[in-house]
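Q: Before anything else, here's the structure in question.
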Amino acid sequence: MKTSAVEATEPRPPRRAGFAELFLLFSKIGLSSFGGGVSAWMHTALVERRRWLDETEFSSALALARIMPGVNIVNLAVLIGHRLVGFSGAVAAVAGLLVGPSLIVIAAAILYRQFAGVMILDAVLAGTAASAAGLLIGTGVKSGGRIVRRGLESNGRTAQGVGTIVILVATFALVGVLRFPTAATVLCLTPCSLALAWFAGRKTPTGRHYDGG
Amino acid sequence: MEDSRTLVALLFVFAPLSLVSIGGGPAVFAEMQHEAVVVHGWVTQRQFGDLFAISRAAPGPGALLATLIGWQAAGWLGAVVVSLAFFLPSSIVVYVAAHFWNRLRGSAWHSTVEDGFVPIAAGLVLAGAFAILQSGGTDLLGWGTAFCVAACRLWRPNFHPLIVLGLGAALFAFGRVIV
């Protein structure tokens with residue numbers, strides 16, 4: 001991230017983050033993020049409170065973290081840790097984010113092993129799983145719907161809207177319903193999707209910016 | 001011998017999944033469920049759903065489901081192997097990609113890449129949700145709960161997900177008990 005455009009903006013005070021500090025900060029973020037919303041916590045801690053990153057740096061990192069393979073917030077931790085401290089910072093941030101929560105989640109699984117079969121616990125877990133799947137549906141519909149709508153609403157880009165729907169539905173049907181291997185599906189559909197986005201982008205070359213999610 | 005074979009199998013399942021998880025951990029839940037339940041039998045259908053619930057309600061990323069499957073399959077060592085296999089490859093990719101990403105800033109490719117991955121990611125995440133709802137023999141009550149939660153999420157995005165999760169679980173448990 002050293003070559004970012006941010007260097008052109010006004011200089012900020014030197015950062016004092018070190019390996020241990022970053023590990024502890026990301027541990028705190030990871031452990032306090034019950035039920036998701038980790039990226040919002042990171043934004044509060046790093047941009048608003050400590051001012052180690054500015055808005056542009058954060059939203060650019062978030063955009064990249066979302067499109068690359070990997071868990072979004074783990075990717076975000078890699079990018080931010082690297083930006084602040086370098087390679088060791090990326091290691092510290094990811095380790096901090098994962099180690100504490102892993103131990104908690106395994107402790108919860110040990111308890112689950114003890115009490116599996118208790119009827120009310122089974123019902124609550126099944127209900128939580130169904131609700132969490134519902135949250136995923138909400139996420140998928142929201143992000144898919146936004147880009148489809150953008151394609152359909154702007155003039156001359158209807159083809160992109162329709163194409164986007166086709167790719168979204170094809171991905172879902174192949175992986176979710178027909179259980180095709182994810183890797184093969186992604187490798188086949190990604191070039192189509194990128195080509196579609198490229199040609200749609202050519203028609204309206206200006207005025208696009210990332211909305212920050 | 002048996003243990004080391006399981007560890008190698010875990011590595012070979014989760015490392016490739018790491019590299020194709022476009023859209024985050026939930027994007028590969030469908031294949032994870034297929035591999036862990038159907039192909040290798042590391043967890044049962046029910047356990048998969050329950051571990052998913054635990055990892056989603058606990059702090060940290062929901063993708064710690066992978067770590068839990070490793071733990072269930074081969075104990076602590078399994079948890080460590082799966083964590084490395086699932087979180088390391090994608091982290092290396094994004095580390096390298098950051099360099100190119102900043103060079104592309106402002107070019108048409110930047111927005112092309114941003115837009116192009118969205119429908120794939122959305123399709124994969126929906127496939128993951130579908131796989132979870134199918135696992136554990138989810139009945140009408142489960143599907144109903146999921147759709148209520150999804151509707152609530154879309155209608156009121158500012159509700160904290162943990163509250164929505166808790167309400168959905170309570171609704172489901174209540175329904176299960178009285179039916």
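A note on labels: chains of the structure tokens are A, B, ... as shown, every chain counts residues from 1, and ligands are counted from 1 in their shown order.
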Show me, as a PDB file with all heavy atoms, in the first residue's frame, the residues that have an atom within 12 Å of Arg153 in chain B when counting only C-alpha atoms, minus same-chain residues fewer than 5 positions from it.
A:
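Wrote result_22.pdb, looks like this:
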```pdb
ATOM      1  N   SER A 131     -31.760 -18.457  11.407  1.00  0.00           N
ATOM      2  CA  SER A 131     -31.714 -16.992  11.389  1.00  0.00           C
ATOM      3  C   SER A 131     -30.440 -16.489  10.731  1.00  0.00           C
ATOM      4  O   SER A 131     -30.462 -15.526   9.958  1.00  0.00           O
ATOM      5  CB  SER A 131     -31.770 -16.435  12.814  1.00  0.00           C
ATOM      6  OG  SER A 131     -32.885 -16.940  13.489  1.00  0.00           O
ATOM      7  N   ALA A 132     -29.302 -17.151  11.045  1.00  0.00           N
ATOM      8  CA  ALA A 132     -28.028 -16.730  10.464  1.00  0.00           C
ATOM      9  C   ALA A 132     -28.029 -16.943   8.954  1.00  0.00           C
ATOM     10  O   ALA A 132     -27.476 -16.137   8.204  1.00  0.00           O
ATOM     11  CB  ALA A 132     -26.868 -17.478  11.116  1.00  0.00           C
ATOM     12  N   ALA A 133     -28.678 -18.027   8.506  1.00  0.00           N
ATOM     13  CA  ALA A 133     -28.828 -18.228   7.065  1.00  0.00           C
ATOM     14  C   ALA A 133     -29.676 -17.102   6.478  1.00  0.00           C
ATOM     15  O   ALA A 133     -29.409 -16.615   5.375  1.00  0.00           O
ATOM     16  CB  ALA A 133     -29.462 -19.586   6.776  1.00  0.00           C
ATOM     17  N   GLY A 134     -30.682 -16.658   7.237  1.00  0.00           N
ATOM     18  CA  GLY A 134     -31.501 -15.529   6.804  1.00  0.00           C
ATOM     19  C   GLY A 134     -30.673 -14.257   6.659  1.00  0.00           C
ATOM     20  O   GLY A 134     -30.854 -13.497   5.705  1.00  0.00           O
ATOM     21  N   LEU A 135     -29.743 -14.032   7.603  1.00  0.00           N
ATOM     22  CA  LEU A 135     -28.857 -12.874   7.495  1.00  0.00           C
ATOM     23  C   LEU A 135     -28.023 -12.947   6.215  1.00  0.00           C
ATOM     24  O   LEU A 135     -27.814 -11.942   5.528  1.00  0.00           O
ATOM     25  CB  LEU A 135     -27.923 -12.788   8.706  1.00  0.00           C
ATOM     26  CG  LEU A 135     -28.535 -12.394  10.050  1.00  0.00           C
ATOM     27  CD1 LEU A 135     -27.458 -12.391  11.136  1.00  0.00           C
ATOM     28  CD2 LEU A 135     -29.191 -11.025   9.969  1.00  0.00           C
ATOM     29  N   LEU A 136     -27.564 -14.162   5.878  1.00  0.00           N
ATOM     30  CA  LEU A 136     -26.794 -14.338   4.644  1.00  0.00           C
ATOM     31  C   LEU A 136     -27.652 -14.031   3.420  1.00  0.00           C
ATOM     32  O   LEU A 136     -27.190 -13.395   2.471  1.00  0.00           O
ATOM     33  CB  LEU A 136     -26.248 -15.762   4.542  1.00  0.00           C
ATOM     34  CG  LEU A 136     -25.106 -16.146   5.475  1.00  0.00           C
ATOM     35  CD1 LEU A 136     -24.697 -17.594   5.231  1.00  0.00           C
ATOM     36  CD2 LEU A 136     -23.911 -15.225   5.275  1.00  0.00           C
ATOM     37  N   ILE A 137     -28.906 -14.487   3.448  1.00  0.00           N
ATOM     38  CA  ILE A 137     -29.810 -14.187   2.328  1.00  0.00           C
ATOM     39  C   ILE A 137     -29.942 -12.675   2.176  1.00  0.00           C
ATOM     40  O   ILE A 137     -29.865 -12.133   1.072  1.00  0.00           O
ATOM     41  CB  ILE A 137     -31.198 -14.839   2.551  1.00  0.00           C
ATOM     42  CG1 ILE A 137     -31.075 -16.366   2.511  1.00  0.00           C
ATOM     43  CG2 ILE A 137     -32.187 -14.374   1.487  1.00  0.00           C
ATOM     44  CD1 ILE A 137     -32.351 -17.090   2.873  1.00  0.00           C
ATOM     45  N   GLY A 138     -30.116 -11.993   3.324  1.00  0.00           N
ATOM     46  CA  GLY A 138     -30.229 -10.533   3.288  1.00  0.00           C
ATOM     47  C   GLY A 138     -28.999  -9.894   2.656  1.00  0.00           C
ATOM     48  O   GLY A 138     -29.111  -9.013   1.795  1.00  0.00           O
ATOM     49  N   THR A 139     -27.811 -10.375   3.053  1.00  0.00           N
ATOM     50  CA  THR A 139     -26.564  -9.832   2.505  1.00  0.00           C
ATOM     51  C   THR A 139     -26.486 -10.054   0.998  1.00  0.00           C
ATOM     52  O   THR A 139     -26.171  -9.133   0.237  1.00  0.00           O
ATOM     53  CB  THR A 139     -25.356 -10.514   3.179  1.00  0.00           C
ATOM     54  OG1 THR A 139     -25.484 -10.370   4.585  1.00  0.00           O
ATOM     55  CG2 THR A 139     -24.052  -9.905   2.716  1.00  0.00           C
ATOM     56  N   GLY A 140     -26.773 -11.288   0.574  1.00  0.00           N
ATOM     57  CA  GLY A 140     -26.685 -11.619  -0.848  1.00  0.00           C
ATOM     58  C   GLY A 140     -27.663 -10.816  -1.684  1.00  0.00           C
ATOM     59  O   GLY A 140     -27.305 -10.275  -2.738  1.00  0.00           O
ATOM     60  N   VAL A 141     -28.896 -10.718  -1.212  1.00  0.00           N
ATOM     61  CA  VAL A 141     -29.922  -9.983  -1.955  1.00  0.00           C
ATOM     62  C   VAL A 141     -29.567  -8.502  -2.026  1.00  0.00           C
ATOM     63  O   VAL A 141     -29.716  -7.856  -3.070  1.00  0.00           O
ATOM     64  CB  VAL A 141     -31.307 -10.182  -1.306  1.00  0.00           C
ATOM     65  CG1 VAL A 141     -32.331  -9.219  -1.883  1.00  0.00           C
ATOM     66  CG2 VAL A 141     -31.774 -11.620  -1.486  1.00  0.00           C
ATOM     67  N   LYS A 142     -29.040  -7.979  -0.920  1.00  0.00           N
ATOM     68  CA  LYS A 142     -28.724  -6.553  -0.884  1.00  0.00           C
ATOM     69  C   LYS A 142     -27.600  -6.198  -1.852  1.00  0.00           C
ATOM     70  O   LYS A 142     -27.734  -5.284  -2.664  1.00  0.00           O
ATOM     71  CB  LYS A 142     -28.333  -6.156   0.542  1.00  0.00           C
ATOM     72  CG  LYS A 142     -28.329  -4.671   0.786  1.00  0.00           C
ATOM     73  CD  LYS A 142     -28.062  -4.384   2.251  1.00  0.00           C
ATOM     74  CE  LYS A 142     -27.193  -3.153   2.399  1.00  0.00           C
ATOM     75  NZ  LYS A 142     -26.539  -3.099   3.708  1.00  0.00           N
TER      76      LYS A 142
ATOM     77  N   ALA B 146     -35.832 -18.047   8.428  1.00  0.00           N
ATOM     78  CA  ALA B 146     -34.777 -17.453   7.598  1.00  0.00           C
ATOM     79  C   ALA B 146     -35.326 -16.300   6.759  1.00  0.00           C
ATOM     80  O   ALA B 146     -34.707 -15.237   6.670  1.00  0.00           O
ATOM     81  CB  ALA B 146     -34.157 -18.519   6.698  1.00  0.00           C
ATOM     82  N   PHE B 147     -36.514 -16.496   6.167  1.00  0.00           N
ATOM     83  CA  PHE B 147     -37.034 -15.437   5.311  1.00  0.00           C
ATOM     84  C   PHE B 147     -37.501 -14.227   6.114  1.00  0.00           C
ATOM     85  O   PHE B 147     -37.347 -13.087   5.668  1.00  0.00           O
ATOM     86  CB  PHE B 147     -38.131 -15.982   4.387  1.00  0.00           C
ATOM     87  CG  PHE B 147     -37.552 -16.679   3.201  1.00  0.00           C
ATOM     88  CD1 PHE B 147     -37.528 -18.059   3.131  1.00  0.00           C
ATOM     89  CD2 PHE B 147     -36.957 -15.958   2.163  1.00  0.00           C
ATOM     90  CE1 PHE B 147     -36.947 -18.719   2.063  1.00  0.00           C
ATOM     91  CE2 PHE B 147     -36.368 -16.603   1.084  1.00  0.00           C
ATOM     92  CZ  PHE B 147     -36.363 -17.987   1.030  1.00  0.00           C
ATOM     93  N   CYS B 148     -38.034 -14.461   7.322  1.00  0.00           N
ATOM     94  CA  CYS B 148     -38.387 -13.327   8.183  1.00  0.00           C
ATOM     95  C   CYS B 148     -37.143 -12.521   8.541  1.00  0.00           C
ATOM     96  O   CYS B 148     -37.143 -11.287   8.488  1.00  0.00           O
ATOM     97  CB  CYS B 148     -39.065 -13.817   9.463  1.00  0.00           C
ATOM     98  SG  CYS B 148     -40.723 -14.419   9.207  1.00  0.00           S
ATOM     99  N   ASN B 158     -30.245  -1.244   9.999  1.00  0.00           N
ATOM    100  CA  ASN B 158     -29.509  -0.710  11.142  1.00  0.00           C
ATOM    101  C   ASN B 158     -29.724  -1.499  12.434  1.00  0.00           C
ATOM    102  O   ASN B 158     -29.040  -1.239  13.420  1.00  0.00           O
ATOM    103  CB  ASN B 158     -29.863   0.753  11.368  1.00  0.00           C
ATOM    104  CG  ASN B 158     -29.315   1.619  10.247  1.00  0.00           C
ATOM    105  OD1 ASN B 158     -28.287   1.303   9.662  1.00  0.00           O
ATOM    106  ND2 ASN B 158     -30.022   2.682   9.921  1.00  0.00           N
ATOM    107  N   PHE B 159     -30.682  -2.424  12.450  1.00  0.00           N
ATOM    108  CA  PHE B 159     -30.817  -3.290  13.617  1.00  0.00           C
ATOM    109  C   PHE B 159     -29.526  -4.085  13.787  1.00  0.00           C
ATOM    110  O   PHE B 159     -28.970  -4.590  12.820  1.00  0.00           O
ATOM    111  CB  PHE B 159     -31.988  -4.269  13.442  1.00  0.00           C
ATOM    112  CG  PHE B 159     -33.329  -3.683  13.745  1.00  0.00           C
ATOM    113  CD1 PHE B 159     -33.472  -2.321  13.985  1.00  0.00           C
ATOM    114  CD2 PHE B 159     -34.462  -4.490  13.788  1.00  0.00           C
ATOM    115  CE1 PHE B 159     -34.712  -1.777  14.260  1.00  0.00           C
ATOM    116  CE2 PHE B 159     -35.711  -3.948  14.059  1.00  0.00           C
ATOM    117  CZ  PHE B 159     -35.834  -2.589  14.292  1.00  0.00           C
ATOM    118  N   HIS B 160     -29.046  -4.196  15.020  1.00  0.00           N
ATOM    119  CA  HIS B 160     -27.828  -4.976  15.224  1.00  0.00           C
ATOM    120  C   HIS B 160     -28.093  -6.443  14.876  1.00  0.00           C
ATOM    121  O   HIS B 160     -29.091  -7.011  15.308  1.00  0.00           O
ATOM    122  CB  HIS B 160     -27.368  -4.857  16.683  1.00  0.00           C
ATOM    123  CG  HIS B 160     -25.973  -5.367  16.874  1.00  0.00           C
ATOM    124  ND1 HIS B 160     -25.693  -6.709  16.949  1.00  0.00           N
ATOM    125  CD2 HIS B 160     -24.783  -4.728  16.959  1.00  0.00           C
ATOM    126  CE1 HIS B 160     -24.382  -6.871  17.087  1.00  0.00           C
ATOM    127  NE2 HIS B 160     -23.810  -5.673  17.100  1.00  0.00           N
ATOM    128  N   PRO B 161     -27.203  -7.048  14.070  1.00  0.00           N
ATOM    129  CA  PRO B 161     -27.443  -8.436  13.639  1.00  0.00           C
ATOM    130  C   PRO B 161     -27.646  -9.414  14.796  1.00  0.00           C
ATOM    131  O   PRO B 161     -28.409 -10.376  14.661  1.00  0.00           O
ATOM    132  CB  PRO B 161     -26.181  -8.781  12.840  1.00  0.00           C
ATOM    133  CG  PRO B 161     -25.239  -7.653  12.996  1.00  0.00           C
ATOM    134  CD  PRO B 161     -26.008  -6.465  13.443  1.00  0.00           C
ATOM    135  N   LEU B 162     -26.975  -9.140  15.922  1.00  0.00           N
ATOM    136  CA  LEU B 162     -27.124 -10.057  17.054  1.00  0.00           C
ATOM    137  C   LEU B 162     -28.548 -10.052  17.603  1.00  0.00           C
ATOM    138  O   LEU B 162     -29.075 -11.086  18.022  1.00  0.00           O
ATOM    139  CB  LEU B 162     -26.125  -9.681  18.158  1.00  0.00           C
ATOM    140  CG  LEU B 162     -25.798 -10.784  19.157  1.00  0.00           C
ATOM    141  CD1 LEU B 162     -25.203 -11.988  18.452  1.00  0.00           C
ATOM    142  CD2 LEU B 162     -24.847 -10.273  20.225  1.00  0.00           C
ATOM    143  N   ILE B 163     -29.189  -8.873  17.572  1.00  0.00           N
ATOM    144  CA  ILE B 163     -30.579  -8.770  18.046  1.00  0.00           C
ATOM    145  C   ILE B 163     -31.503  -9.541  17.099  1.00  0.00           C
ATOM    146  O   ILE B 163     -32.359 -10.319  17.535  1.00  0.00           O
ATOM    147  CB  ILE B 163     -31.009  -7.287  18.134  1.00  0.00           C
ATOM    148  CG1 ILE B 163     -30.178  -6.579  19.215  1.00  0.00           C
ATOM    149  CG2 ILE B 163     -32.501  -7.171  18.424  1.00  0.00           C
ATOM    150  CD1 ILE B 163     -30.389  -5.092  19.261  1.00  0.00           C
ATOM    151  N   VAL B 164     -31.285  -9.342  15.784  1.00  0.00           N
ATOM    152  CA  VAL B 164     -32.098 -10.046  14.794  1.00  0.00           C
ATOM    153  C   VAL B 164     -31.919 -11.556  14.934  1.00  0.00           C
ATOM    154  O   VAL B 164     -32.881 -12.328  14.908  1.00  0.00           O
ATOM    155  CB  VAL B 164     -31.709  -9.587  13.368  1.00  0.00           C
ATOM    156  CG1 VAL B 164     -32.611 -10.240  12.339  1.00  0.00           C
ATOM    157  CG2 VAL B 164     -31.786  -8.072  13.254  1.00  0.00           C
ATOM    158  N   LEU B 165     -30.650 -11.943  15.134  1.00  0.00           N
ATOM    159  CA  LEU B 165     -30.319 -13.359  15.316  1.00  0.00           C
ATOM    160  C   LEU B 165     -31.046 -13.941  16.534  1.00  0.00           C
ATOM    161  O   LEU B 165     -31.642 -15.014  16.470  1.00  0.00           O
ATOM    162  CB  LEU B 165     -28.802 -13.474  15.513  1.00  0.00           C
ATOM    163  CG  LEU B 165     -28.069 -14.735  15.119  1.00  0.00           C
ATOM    164  CD1 LEU B 165     -28.230 -14.995  13.630  1.00  0.00           C
ATOM    165  CD2 LEU B 165     -26.585 -14.592  15.463  1.00  0.00           C
ATOM    166  N   GLY B 168     -34.852 -14.152  15.950  1.00  0.00           N
ATOM    167  CA  GLY B 168     -35.152 -15.255  15.041  1.00  0.00           C
ATOM    168  C   GLY B 168     -35.060 -16.595  15.746  1.00  0.00           C
ATOM    169  O   GLY B 168     -35.935 -17.454  15.606  1.00  0.00           O
TER     170      GLY B 168
END
```
Q: For Asp115 in chain B, work out the shell of residues within 9 Å, counting only C-alpha atoms and skipping chain neighbours fewer than 3 positions away, then give it as a ChimeraX atom specification.
A: /A:67,147,193-194,197-198 /B:110-112,118-119
Q: Considering only C-alpha atoms, tabulate each residue of range 126-179 of chain B that lies at most 10 Å from range 162-182 of chain A along with its nearest interatomic pair and the corresponding distance in Å to one decimal; arrange the rows by chain and ascending residue number and present them as JSON lines.
A:
```
{"residue": "B:Leu126", "atom": "CA", "partner": "A:Phe172", "partner_atom": "CA", "distance": 6.3}
{"residue": "B:Ala127", "atom": "CA", "partner": "A:Gly176", "partner_atom": "CA", "distance": 4.0}
{"residue": "B:Gly128", "atom": "CA", "partner": "A:Gly176", "partner_atom": "CA", "distance": 6.6}
{"residue": "B:Ala129", "atom": "CA", "partner": "A:Gly176", "partner_atom": "CA", "distance": 8.4}
{"residue": "B:Phe130", "atom": "CA", "partner": "A:Gly176", "partner_atom": "CA", "distance": 6.2}
{"residue": "B:Ala131", "atom": "CA", "partner": "A:Gly176", "partner_atom": "CA", "distance": 6.1}
{"residue": "B:Ile132", "atom": "CA", "partner": "A:Gly176", "partner_atom": "CA", "distance": 9.7}
{"residue": "B:Gln134", "atom": "CA", "partner": "A:Gly176", "partner_atom": "CA", "distance": 9.9}
```
Q: Write out as a PyMOL selection string which residues come within 12 Å of Ala20 in chain A when counting only C-alpha atoms, dropping same-chain ones fewer than 5 positions away.
A: chain A and resi 25-27+81+85+88-93+95-96
Q: Rounded to one decimal place, report the CA of Met42 in chain A-CA of Phe29 in chain B distance in Å.
A: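 Computing it gives 24.8 Å between the two atoms.
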Q: What's the separation between CA of Leu46 in chain A and CA of Tyr95 in chain B, in Å to one decimal place?
A: 19.2 Å
Q: Nearest residue to chain B out of A:Leu76, A:Val71, A:Ala184, A:Leu22, using only C-alpha atoms?
A: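 So, comparing all the options, the nearest one is A:Val71.
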Q: Which of these, B:Trp42, B:Phe172, B:Trp109, B:Phe14, has the shortest distance to Val80 in chain B once you count only C-alpha atoms?
A: B:Phe14
Q: Please identify all polymer residues within 7 Å of Gly23 in chain B, counting only C-alpha atoms, omitting same-chain residues fewer than 4 positions from it, and present them as a ChimeraX atom specification.
A: /A:66-67,69 /B:27,121-122,125
Q: Of the residues A:Ala45, A:Ala61, A:Val118, A:Leu152, which is the one nearest to chain B, using only C-alpha atoms?
A: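 Among the listed residues, the smallest separation from chain B belongs to A:Ala61.
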